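Student: Let me begin by handing over the structure; questions about it come next.
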Amino acid sequence: MDTFHASSPAMQEGAFPREGSITEQLQFVVHYAALAPSEYNVQPWLFQVHGNTLEVYADLSRRLPIADPQGRELLISCGAACMNIQVALRYFGLQETLRLLPDSQCANLVARMTVISSHEPNEEDRRLFSALPWRHTYRGDVSPEPIPRSSLDQLSKQVGLEGAWIRFVEGELRQRLSDLILKGDRQQWANKGFRAELAQWLRPEPAPDGIPVSAHPRGGGRPFWVRTLNLSHSEEHTIQCALQQAPVLAILGTFGDSPLDWLLAGQALERVLLAACTEGIQASFFNQPLEVPEMRTQLQTLLGPSDYPQMILRMGYTYSTTPTPRRAVEDMLTSQEP
Ligand SMILES: Cc1cc2nc3c(=O)[nH]c(=O)nc-3n(C[C@H](O)[C@H](O)[C@H](O)COP(=O)(O)O)c2cc1C
C-alpha cells in the first residue's frame with residue numbers, strides 16, 4: 001500500500017506507554033479511535049479518560065441536521081470509534097468491559113470501556129490491529145477482480161460477531177438498489193439545505209476535518225459550486241459506472257433501529273472494514289437512499305420488515321488508498337462531561 005496517514009499511529013505504535021499508567025495507555029489508544037470513519041469526516045466524538053475507564057461521548061456540535069437528522073450516522077461513526085478502541089486495547093494486551101448507551105445521567109455518553117485485566121493478543125487481534133492505519137474510504141476505481149465466496153463468508157462472520165448482518169446484493173435486488181441510490185442522489189442534490197451542509201464540510205485547503213478534494217472530488221471539491229448548483233446530472237454517470245463495475249455491493253444492517261442498534265452497526269461496520277482491509281479490500285459508501293427517510297423505508301420493504309439497512313457499501317480490491325486527515329487527539333480529549 002503506497003499511502004500513509006500523516007499522523008498514523010502505526011508510526012507511533014512503539015510509543016505505546018507500556019510502562020505507563022492505565023490512564024496514559026488509554027489516552028494513547030484514543031489515537032486509534034480517531035481513525036474511525038465518519039460521515040463527511042466530521043469526527044463527531046469526544047473522549048474522556050479517568051483511571052482505568054475510557055468514555056466515548058457524541059459531540060453534538062458536529063451533527064449533520066440535514067443528511068442525518070436522527071443522529072443515526074453520528075452514532076454509527078461513534079460505534080466505529082468504539083471498535084477501534086477495542087481492537088487497539090486487545091492488541092496492546094488489555095482486556096476491557098464495554099457498556100454501551102443509554103445512560104440516564106448523561107444523554108451524550110455513548111460507551112464506557114473499563115480495563116479489567118491483561119489479555120494475550122491472538123492472531124485475529126493482530127490482524128485487525130494491523131489494518132487500523134490502512135483502512136480508508138476509497139472512491140476511485142477498484143479492480144474488477146471478484147471477491148471469492150470464502151472471503152465474503154468470512155466478512156459476514158465478522159459482522160455477525162457484532163450482532164449485525166451484511167447482505168451481498170445481486171441480481172434483481174442489485175438493480176433496484178442501484179436505482180434507489182441514483183434517485184436518492186438526485187433528491188439530495190435538489191435540496192439546497194443538503195448542498196449547503198455538504199459545502200460546509202468540503203475542504204479545498206488542508207484541514208483537520210471535513211472531506212479533502214483528494215478524497216472526494218464531488219462538485220470539483222469547490223464549496224461555492226456545491227452550494228449554488230445542482231450537480232447531480234454531471235455526477236450521475238460516475239455513480240452509475242461505479243455501481244455497475246462494483247465487484248461487490250452490500251447492505252449492512254441491524255435487527256432493530258434504536259440508537260443502540262446504530263452503535264452496533266458502527267462496531268460491525270468497522271470490524272468488517274478492518275477485516276476486508278487485511279485482504280486488500282477497501283470500501284466506499286452509497287448511503288443516499290438511507291439519508292432520505294421515505295427511501296430508507298422503501299429499501300427496508302425490499303429487504304424484509306425486521307431488517308434495518310444502516311450502510312450501503314461498494315467493496316473491491318485496491319492498494320492505492322487516499323488517507324483523510326484527523327483532528328489532533330488533544331482536541332478530542334475532554335476533562336469535563338460534555
Ligand atoms: C455513517 C457514515 C456514513 C458515510 N456516508 C458516506 C457517503 O454517503 N458517501 C461517501 O462517499 N462516504 C461516506 N462515508 C465515508 C466518510 O466520508 C469517510 O469515512 C470520511 O471522509 C473519513 O475518511 P476515511 O474513511 O478514509 O478515514 C460515511 C462514513 C460513515 C461512518
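By convention in this document, the chains of the C-alpha cells carry letters A, B, ... by their order, each chain's residues are numbered from 1, and ligands are numbered from 1 in the order they are shown.
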Enumerate, in order of chain and increasing residue number, the residues of chain A with an atom no farther than 7 Å from ligand 1, each with its shortest atom pair and distance in Å to one decimal, counting only C-alpha atoms and all ligand atoms, as CSV.

Tutor:
```
residue,atom,partner,partner_atom_place_in_ligand_line,distance
A:Leu35,CA,ligand 1,27 (O),6.0
A:Ala36,CA,ligand 1,27 (O),6.1
A:Pro37,CA,ligand 1,19 (O),3.3
A:Ser38,CA,ligand 1,31 (C),3.5
A:Glu39,CA,ligand 1,28 (C),3.9
A:Tyr40,CA,ligand 1,17 (O),4.3
A:Asn41,CA,ligand 1,20 (C),3.8
A:Glu73,CA,ligand 1,1 (C),4.0
A:Leu74,CA,ligand 1,1 (C),6.3
A:Ile76,CA,ligand 1,1 (C),5.2
A:Ser77,CA,ligand 1,31 (C),4.5
A:Arg135,CA,ligand 1,26 (O),6.8
A:His136,CA,ligand 1,26 (O),3.5
A:Thr137,CA,ligand 1,26 (O),3.8
A:Tyr138,CA,ligand 1,26 (O),6.7
A:Arg139,CA,ligand 1,11 (O),6.8
A:Gly210,CA,ligand 1,21 (O),6.7
A:Ile211,CA,ligand 1,21 (O),5.3
A:His216,CA,ligand 1,11 (O),6.7
A:Ser284,CA,ligand 1,11 (O),6.0
A:Phe285,CA,ligand 1,9 (N),4.6
A:Phe286,CA,ligand 1,8 (O),4.8
A:Asn287,CA,ligand 1,8 (O),4.1
A:Gln288,CA,ligand 1,8 (O),5.8
A:Met311,CA,ligand 1,3 (C),7.0
A:Thr322,CA,ligand 1,26 (O),6.7
A:Pro323,CA,ligand 1,26 (O),5.3
A:Thr324,CA,ligand 1,23 (O),5.0
```

Student: Next, the residues of the selection above should be written as a PDB file, in the first residue's frame with C-alpha atoms.

Tutor:
```
ATOM      1  CA  LEU A  35      -9.018   6.815  12.717  1.00  0.00           C
ATOM      2  CA  ALA A  36     -12.633   5.615  12.522  1.00  0.00           C
ATOM      3  CA  PRO A  37     -14.738   6.670   9.531  1.00  0.00           C
ATOM      4  CA  SER A  38     -17.474   9.281   9.923  1.00  0.00           C
ATOM      5  CA  GLU A  39     -19.943  10.921   7.537  1.00  0.00           C
ATOM      6  CA  TYR A  40     -18.178  13.918   5.866  1.00  0.00           C
ATOM      7  CA  ASN A  41     -15.258  13.177   8.207  1.00  0.00           C
ATOM      8  CA  GLU A  73     -24.973   8.072  11.207  1.00  0.00           C
ATOM      9  CA  LEU A  74     -23.421  10.030  14.069  1.00  0.00           C
ATOM     10  CA  ILE A  76     -22.651   4.632  13.614  1.00  0.00           C
ATOM     11  CA  SER A  77     -19.451   6.694  13.492  1.00  0.00           C
ATOM     12  CA  ARG A 135      -8.402   1.346   6.253  1.00  0.00           C
ATOM     13  CA  HIS A 136      -9.578   4.269   4.151  1.00  0.00           C
ATOM     14  CA  THR A 137     -12.702   5.057   2.220  1.00  0.00           C
ATOM     15  CA  TYR A 138     -11.646   4.511  -1.379  1.00  0.00           C
ATOM     16  CA  ARG A 139     -13.887   6.098  -4.006  1.00  0.00           C
ATOM     17  CA  GLY A 210     -14.110  17.540   6.596  1.00  0.00           C
ATOM     18  CA  ILE A 211     -13.564  15.986   3.177  1.00  0.00           C
ATOM     19  CA  HIS A 216     -13.950  13.098  -2.620  1.00  0.00           C
ATOM     20  CA  SER A 284     -16.777   3.296  -0.336  1.00  0.00           C
ATOM     21  CA  PHE A 285     -20.341   4.188   0.547  1.00  0.00           C
ATOM     22  CA  PHE A 286     -23.542   4.938  -1.345  1.00  0.00           C
ATOM     23  CA  ASN A 287     -25.833   5.835   1.515  1.00  0.00           C
ATOM     24  CA  GLN A 288     -28.020   8.272  -0.400  1.00  0.00           C
ATOM     25  CA  MET A 311     -24.987   1.381   5.407  1.00  0.00           C
ATOM     26  CA  THR A 322      -6.214   8.108  -0.033  1.00  0.00           C
ATOM     27  CA  PRO A 323      -5.982   8.924   3.654  1.00  0.00           C
ATOM     28  CA  THR A 324      -8.136  11.699   5.099  1.00  0.00           C
TER      29      THR A 324
END
```

Student: Return as a PyMOL selection string the full set of residues in region 92-267 of chain A whose backbone-based DSSP assignment is strand (DSSP E or B).

Tutor: chain A and resi 94-100+109-118+137+165-168+202-203+211-212+248-254

Student: Take the selection from the previous step and output its residues with C-alpha atoms, as a PDB file, in the first residue's frame.

Tutor:
```pdb
ATOM      1  CA  LEU A  94      -5.599  -5.093  27.754  1.00  0.00           C
ATOM      2  CA  GLN A  95      -8.996  -6.698  28.373  1.00  0.00           C
ATOM      3  CA  GLU A  96     -11.916  -4.304  28.761  1.00  0.00           C
ATOM      4  CA  THR A  97     -15.569  -4.463  29.652  1.00  0.00           C
ATOM      5  CA  LEU A  98     -17.815  -2.459  27.379  1.00  0.00           C
ATOM      6  CA  ARG A  99     -21.048  -0.767  28.374  1.00  0.00           C
ATOM      7  CA  LEU A 100     -22.989   0.888  25.591  1.00  0.00           C
ATOM      8  CA  LEU A 109     -22.484   9.271  26.727  1.00  0.00           C
ATOM      9  CA  VAL A 110     -22.152   6.599  24.073  1.00  0.00           C
ATOM     10  CA  ALA A 111     -19.923   3.971  25.654  1.00  0.00           C
ATOM     11  CA  ARG A 112     -17.822   3.297  28.704  1.00  0.00           C
ATOM     12  CA  MET A 113     -14.882   0.912  28.491  1.00  0.00           C
ATOM     13  CA  THR A 114     -13.122  -0.215  31.636  1.00  0.00           C
ATOM     14  CA  VAL A 115      -9.854  -2.112  31.588  1.00  0.00           C
ATOM     15  CA  ILE A 116     -10.250  -5.067  33.928  1.00  0.00           C
ATOM     16  CA  SER A 117      -7.282  -7.334  33.256  1.00  0.00           C
ATOM     17  CA  SER A 118      -4.495  -8.196  30.890  1.00  0.00           C
ATOM     18  CA  THR A 137     -12.702   5.057   2.220  1.00  0.00           C
ATOM     19  CA  TRP A 165     -25.913  -8.562   9.273  1.00  0.00           C
ATOM     20  CA  ILE A 166     -24.471  -7.914   5.842  1.00  0.00           C
ATOM     21  CA  ARG A 167     -26.140  -8.851   2.570  1.00  0.00           C
ATOM     22  CA  PHE A 168     -24.151  -9.034  -0.664  1.00  0.00           C
ATOM     23  CA  LEU A 202     -15.713  20.261   1.796  1.00  0.00           C
ATOM     24  CA  ARG A 203     -12.099  21.261   2.313  1.00  0.00           C
ATOM     25  CA  ILE A 211     -13.564  15.986   3.177  1.00  0.00           C
ATOM     26  CA  PRO A 212     -10.414  16.911   1.246  1.00  0.00           C
ATOM     27  CA  VAL A 248     -19.453  -6.294  -4.510  1.00  0.00           C
ATOM     28  CA  LEU A 249     -22.370  -4.129  -3.480  1.00  0.00           C
ATOM     29  CA  ALA A 250     -23.523  -4.799   0.063  1.00  0.00           C
ATOM     30  CA  ILE A 251     -26.004  -3.603   2.639  1.00  0.00           C
ATOM     31  CA  LEU A 252     -25.035  -3.711   6.292  1.00  0.00           C
ATOM     32  CA  GLY A 253     -27.929  -3.668   8.697  1.00  0.00           C
ATOM     33  CA  THR A 254     -29.312  -4.459  12.110  1.00  0.00           C
TER      34      THR A 254
END
```

Student: Leaving out Leu75 (chain A) and any residue of its chain fewer than 5 positions from it, which residues lie within 12 Å of it when counting only C-alpha atoms, given as number ranges by chain?

Tutor: A: 36-39, 43-45, 56-60, 62-64, 68-70, 80-82, 100-102, 108-111, 257-267, 269, 310

Student: Mind listing the helix (DSSP H, G or I) residues of region 232-266 of chain A, per DSSP on the backbone, as JSON, numbers by chain?

Tutor: {"A": [232, 233, 234, 235, 236, 237, 238, 239, 240, 241, 242, 243, 244, 245, 259, 260, 261, 262, 263, 264, 265, 266]}

Student: Name all residues at most 9 Å from Pro121 (chain A) (count only C-alpha atoms; drop same-chain ones fewer than 6 positions away) and give them as an MDAnalysis selection string.

Tutor: chainID A and resid 90:94

Student: Expressed in Å to a single decimal, how great is the separation between CA of Leu182 (chain A) and CA of Glu291 (chain A)?

Tutor: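 Distance between the two atoms: 12.5 Å.
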
Student: Rounded to one decimal, what separation in Å do you get between CA of Met83 (chain A) and CA of Arg314 (chain A)?

Tutor: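 Result for CA of Met83 (chain A) versus CA of Arg314 (chain A): 20.8 Å, one decimal.
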